Every structure is written in structure tokens, then in C-alpha cells.
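Trainee: For reference, the structure I am asking about is given below.
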Amino acid sequence: MSWTITPEPVGSAVAAALWRAYYTEVSDRWYLRHEGRRTDPDELEREIAANAGDGLEPPKGRLLVARYGGEPAGSAGVRLVDAATAELKRVFLLPRARGRGGAALLVGAAEEAARALGAGRMILDTRSDLTEARTLYARLGYTETEAYNDDPYAEHWFAKDLALD
């Protein structure tokens, strides 16, 4: 089986299903870590609805969907924060698709999308418990940097000069 990665409208059924899977997993991981419980279903629905687009719409953003063997398997988003800097968002693979190289391909495709938007630098934030993500970003040349936002869930910030690739 092989991977394909293509742009996807933020409002598509595929994008919505992947956003729901992503948000459910990262939210549940946070609540289990800090409060010993899963996300309250009402809160989950509010947050999924409130952050569906997340600035990933053209012309200043892109949502990418990875398909493995033709089936939706993951997503990554890019949005411009200024004319030269893009932010990487929502890098996610469904559990059944993990361990097959898709995450690195998604990040690479997101970097290409950022370059196409005019960015020469990519930034991202993540949490301490998302160790898989932090390991991936370091392996792909991202370096930990100073905080660039005040997101209450962000604990680590990374950057990469896209012109060096």
C-alpha cells in the first residue's frame, strides 16, 4: 500500500472526521493526564465546532489529508502567521495508520505547502505528553525554541528554517 497526500477542504466530511478523531485523542490524553478522566462529551462537541477551520482555509492556509491505500488516514494543516512564517497544526494519523512513515510524509507535504504560501520558516507548538510528536519534529530538523504564543496547552515550541531543506 502507498501514501497519497492532497489538499482537502476544511468543511469536507473527511476533514471533519479526522478533526474529530484528532481532537478526541489529544483532549482525552490531556484530561486523563491532568484529571484522570476523558473529555466531557458536551465540551468535546463545543470545541470541535469552535475550532473546525482553525485558519487552515486558503488563501492563507491549507489542510492536507493523507490517505493510505486510498483510505483517509491522517491530516496536517498549515497557516500563515505572517508573510514569512507558517504554523504547523494538527499533525495526526489514525492509530491504524501509525508506524508506516505517514507522519514524516505529512510534515514534508506541510512544509511544501508552507513554501507555496511564501513562508521560509515553520513554527509549531505541542505538549509534553505528546512525546511521539516531539520525537518526530526533532528527527525532521525542528529545534526547540522560545514560546511564540500563550496557548494554555502548549508546553514546547519548535521552529525550522524551510530554506535549509
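We name chains A, B, ... following the order of the C-alpha cells; residues begin at 1 in each chain, and ligands are numbered from 1 as shown.
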Tell me, counting only C-alpha atoms, for each residue of stretch 46-133 of chain A within 12 Å of stretch 155-160 of chain A, which pair of atoms is nearest and how far apart they are in Å to one decimal, in rows ordered by chain and increasing number, as JSON lines.
Mentor:
{"residue": "A:Thr85", "atom": "CA", "partner": "A:Ala159", "partner_atom": "CA", "distance": 9.7}
{"residue": "A:Ala86", "atom": "CA", "partner": "A:Ala159", "partner_atom": "CA", "distance": 9.8}
{"residue": "A:Glu87", "atom": "CA", "partner": "A:Ala159", "partner_atom": "CA", "distance": 9.0}
{"residue": "A:Leu88", "atom": "CA", "partner": "A:Ala159", "partner_atom": "CA", "distance": 9.6}
{"residue": "A:Lys89", "atom": "CA", "partner": "A:Phe158", "partner_atom": "CA", "distance": 11.9}
{"residue": "A:Val107", "atom": "CA", "partner": "A:Lys160", "partner_atom": "CA", "distance": 11.5}
{"residue": "A:Gly108", "atom": "CA", "partner": "A:Lys160", "partner_atom": "CA", "distance": 11.8}
{"residue": "A:Glu111", "atom": "CA", "partner": "A:Lys160", "partner_atom": "CA", "distance": 9.5}
{"residue": "A:Ala114", "atom": "CA", "partner": "A:Lys160", "partner_atom": "CA", "distance": 11.5}
{"residue": "A:Ala119", "atom": "CA", "partner": "A:Lys160", "partner_atom": "CA", "distance": 10.9}
{"residue": "A:Gly120", "atom": "CA", "partner": "A:Lys160", "partner_atom": "CA", "distance": 8.7}
{"residue": "A:Arg121", "atom": "CA", "partner": "A:Lys160", "partner_atom": "CA", "distance": 5.7}
{"residue": "A:Met122", "atom": "CA", "partner": "A:Lys160", "partner_atom": "CA", "distance": 5.3}
{"residue": "A:Ile123", "atom": "CA", "partner": "A:Ala159", "partner_atom": "CA", "distance": 4.3}
{"residue": "A:Leu124", "atom": "CA", "partner": "A:Phe158", "partner_atom": "CA", "distance": 5.3}
{"residue": "A:Asp125", "atom": "CA", "partner": "A:Trp157", "partner_atom": "CA", "distance": 4.3}
{"residue": "A:Thr126", "atom": "CA", "partner": "A:His156", "partner_atom": "CA", "distance": 5.3}
{"residue": "A:Arg127", "atom": "CA", "partner": "A:Glu155", "partner_atom": "CA", "distance": 4.8}
{"residue": "A:Ser128", "atom": "CA", "partner": "A:Glu155", "partner_atom": "CA", "distance": 6.0}
{"residue": "A:Asp129", "atom": "CA", "partner": "A:Glu155", "partner_atom": "CA", "distance": 9.3}
{"residue": "A:Leu130", "atom": "CA", "partner": "A:His156", "partner_atom": "CA", "distance": 9.9}
{"residue": "A:Thr131", "atom": "CA", "partner": "A:His156", "partner_atom": "CA", "distance": 10.6}
{"residue": "A:Ala133", "atom": "CA", "partner": "A:His156", "partner_atom": "CA", "distance": 10.6}
Trainee: Any idea what's packed within 12 Å of stretch 2-15 of chain A, counting only C-alpha atoms, ignoring anything in its chain fewer than 5 positions away? Could you give it as a ChimeraX atom specification?
Mentor: /A:20-23,48-49,51-59,61-78,90,92-93,97-98,100-110,112-113
Trainee: Have a look at atom CA of A:Lys60 and atom CA of A:Ala147 and let me know their distance in Å, one decimal.
Mentor: 22.2 Å
Trainee: Identify all residues of stretch 1-92 of chain A in strand (DSSP E) (DSSP on the backbone) and supply them as a PyMOL selection string.
Mentor: chain A and resi 3-7+61-68+71-82+85-92
Trainee: Point out the residue among A:Gly141, A:Pro152, A:Gly118, A:Pro41 with the least atom-to-atom distance to A:Leu80, counting only C-alpha atoms.
Mentor: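 That would be A:Gly118, the residue with the smallest distance to A:Leu80.
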Trainee: Show which residues sit within 10 Å of A:Asp40, as a ChimeraX atom specification. Count only C-alpha atoms, and ignore same-chain residues fewer than 2 positions away.
Mentor: /A:27-28,31,37-38,42-45
Trainee: Given the selection you just returned, output its residues as a file containing all heavy atoms, formatted as a short mmCIF file (atom, residue, chain, number, x, y, z; two decimals), in the first residue's frame.
Mentor:
data_model
loop_
_atom_site.label_atom_id
_atom_site.label_comp_id
_atom_site.auth_asym_id
_atom_site.auth_seq_id
_atom_site.Cartn_x
_atom_site.Cartn_y
_atom_site.Cartn_z
N SER A 27 -7.45 15.68 23.37
CA SER A 27 -8.20 16.16 24.53
C SER A 27 -8.28 15.09 25.61
O SER A 27 -8.04 15.36 26.80
CB SER A 27 -9.60 16.60 24.10
OG SER A 27 -10.32 17.11 25.19
N ASP A 28 -8.61 13.87 25.22
CA ASP A 28 -8.67 12.78 26.20
C ASP A 28 -7.31 12.55 26.86
O ASP A 28 -7.24 12.34 28.07
CB ASP A 28 -9.16 11.48 25.55
CG ASP A 28 -10.66 11.43 25.38
OD1 ASP A 28 -11.38 12.32 25.89
OD2 ASP A 28 -11.14 10.48 24.73
N TYR A 31 -6.90 15.35 29.51
CA TYR A 31 -7.75 15.17 30.69
C TYR A 31 -7.35 13.94 31.50
O TYR A 31 -7.38 13.97 32.73
CB TYR A 31 -9.23 15.11 30.32
CG TYR A 31 -9.82 16.49 30.15
CD1 TYR A 31 -10.19 16.96 28.90
CD2 TYR A 31 -9.99 17.33 31.24
CE1 TYR A 31 -10.72 18.23 28.74
CE2 TYR A 31 -10.51 18.60 31.10
CZ TYR A 31 -10.88 19.05 29.84
OH TYR A 31 -11.39 20.31 29.70
N ARG A 37 -9.68 11.63 33.82
CA ARG A 37 -10.96 11.36 33.15
C ARG A 37 -10.85 11.72 31.68
O ARG A 37 -9.93 12.39 31.26
CB ARG A 37 -12.07 12.20 33.78
CG ARG A 37 -11.88 13.71 33.58
CD ARG A 37 -13.08 14.52 34.01
NE ARG A 37 -12.88 15.94 33.85
CZ ARG A 37 -13.15 16.63 32.74
NH1 ARG A 37 -13.61 16.02 31.67
NH2 ARG A 37 -12.95 17.93 32.70
N ARG A 38 -11.81 11.25 30.91
CA ARG A 38 -11.88 11.62 29.50
C ARG A 38 -12.59 12.97 29.36
O ARG A 38 -13.18 13.46 30.31
CB ARG A 38 -12.62 10.54 28.70
CG ARG A 38 -11.86 9.23 28.70
CD ARG A 38 -12.38 8.31 27.60
NE ARG A 38 -11.64 7.07 27.60
CZ ARG A 38 -10.44 6.90 27.05
NH1 ARG A 38 -9.85 7.89 26.44
NH2 ARG A 38 -9.84 5.74 27.09
N ASP A 42 -20.01 17.09 26.07
CA ASP A 42 -20.51 18.41 25.66
C ASP A 42 -19.37 19.36 25.34
O ASP A 42 -19.42 20.11 24.37
CB ASP A 42 -21.41 19.01 26.75
CG ASP A 42 -22.73 18.27 26.88
OD1 ASP A 42 -23.16 17.62 25.91
OD2 ASP A 42 -23.33 18.34 27.97
N GLU A 43 -18.32 19.33 26.18
CA GLU A 43 -17.16 20.17 25.92
C GLU A 43 -16.49 19.77 24.61
O GLU A 43 -16.09 20.61 23.81
CB GLU A 43 -16.16 20.07 27.06
CG GLU A 43 -14.91 20.90 26.81
CD GLU A 43 -13.85 20.73 27.86
OE1 GLU A 43 -14.03 19.96 28.82
OE2 GLU A 43 -12.81 21.37 27.71
N LEU A 44 -16.37 18.47 24.39
CA LEU A 44 -15.78 17.97 23.16
C LEU A 44 -16.51 18.53 21.94
O LEU A 44 -15.89 19.05 21.01
CB LEU A 44 -15.79 16.44 23.16
CG LEU A 44 -15.10 15.77 21.99
CD1 LEU A 44 -13.60 16.01 22.04
CD2 LEU A 44 -15.41 14.29 21.99
N GLU A 45 -17.83 18.45 21.96
CA GLU A 45 -18.62 18.94 20.82
C GLU A 45 -18.46 20.44 20.62
O GLU A 45 -18.34 20.90 19.49
CB GLU A 45 -20.10 18.57 21.00
CG GLU A 45 -20.37 17.09 20.91
CD GLU A 45 -19.82 16.44 19.65
OE1 GLU A 45 -19.97 17.01 18.54
OE2 GLU A 45 -19.22 15.36 19.76
#
Trainee: Enumerate, as a list in words, the complete set of residues in stretch 33-110 of chain A that a backbone-based DSSP assignment places in alpha helix (DSSP H).
Mentor: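 Put together, the selection reads Arg33, His34, Glu35, Pro41, Asp42, Glu43, Leu44, Glu45, Arg46, Glu47, Ile48, Ala49, Ala50, Gly102, Ala103, Ala104, Leu105, Leu106, Val107, Gly108, Ala109 and Ala110 of chain A.
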Trainee: Next, dump the selected residues to file, keeping only C-alpha atoms, as a compact mmCIF listing (two decimals), in the first residue's frame.
Mentor:
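Writing the result to again38.txt gives the following:
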# COMPACT_ATOMS: atom_id res chain seq x y z
CA ARG A 33 -3.11 13.13 32.43
CA HIS A 34 -4.39 16.07 34.49
CA GLU A 35 -7.76 15.00 35.83
CA PRO A 41 -18.84 14.97 25.68
CA ASP A 42 -20.51 18.41 25.66
CA GLU A 43 -17.16 20.17 25.92
CA LEU A 44 -15.78 17.97 23.16
CA GLU A 45 -18.62 18.94 20.82
CA ARG A 46 -18.24 22.67 21.60
CA GLU A 47 -14.50 22.63 20.95
CA ILE A 48 -14.79 20.58 17.77
CA ALA A 49 -17.34 23.04 16.39
CA ALA A 50 -15.50 26.16 17.57
CA GLY A 102 2.98 8.70 7.05
CA ALA A 103 3.74 11.32 9.70
CA ALA A 104 7.05 12.31 8.13
CA LEU A 105 5.39 12.45 4.71
CA LEU A 106 2.62 14.66 6.10
CA VAL A 107 5.07 17.08 7.69
CA GLY A 108 7.08 17.18 4.45
CA ALA A 109 3.93 17.95 2.46
CA ALA A 110 3.01 20.65 5.00
Trainee: Please report the interatomic distance between atom CA of A:Trp30 and atom CA of A:Glu132 in Å with one decimal.
Mentor: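 Between atom CA of A:Trp30 and atom CA of A:Glu132 the gap is 14.6 Å.
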Trainee: To one decimal place in Å, what is the distance between atom CA of A:Gly99 and atom CA of A:Ala17?
Mentor: 20.7 Å
Trainee: In terms of the shortest atom-to-atom distance over only C-alpha atoms, which of A:Val26, A:Leu32, A:Leu18, A:Leu162 is closest to A:Leu140?
Mentor: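 For A:Leu140, the nearest of the given residues is A:Leu162.
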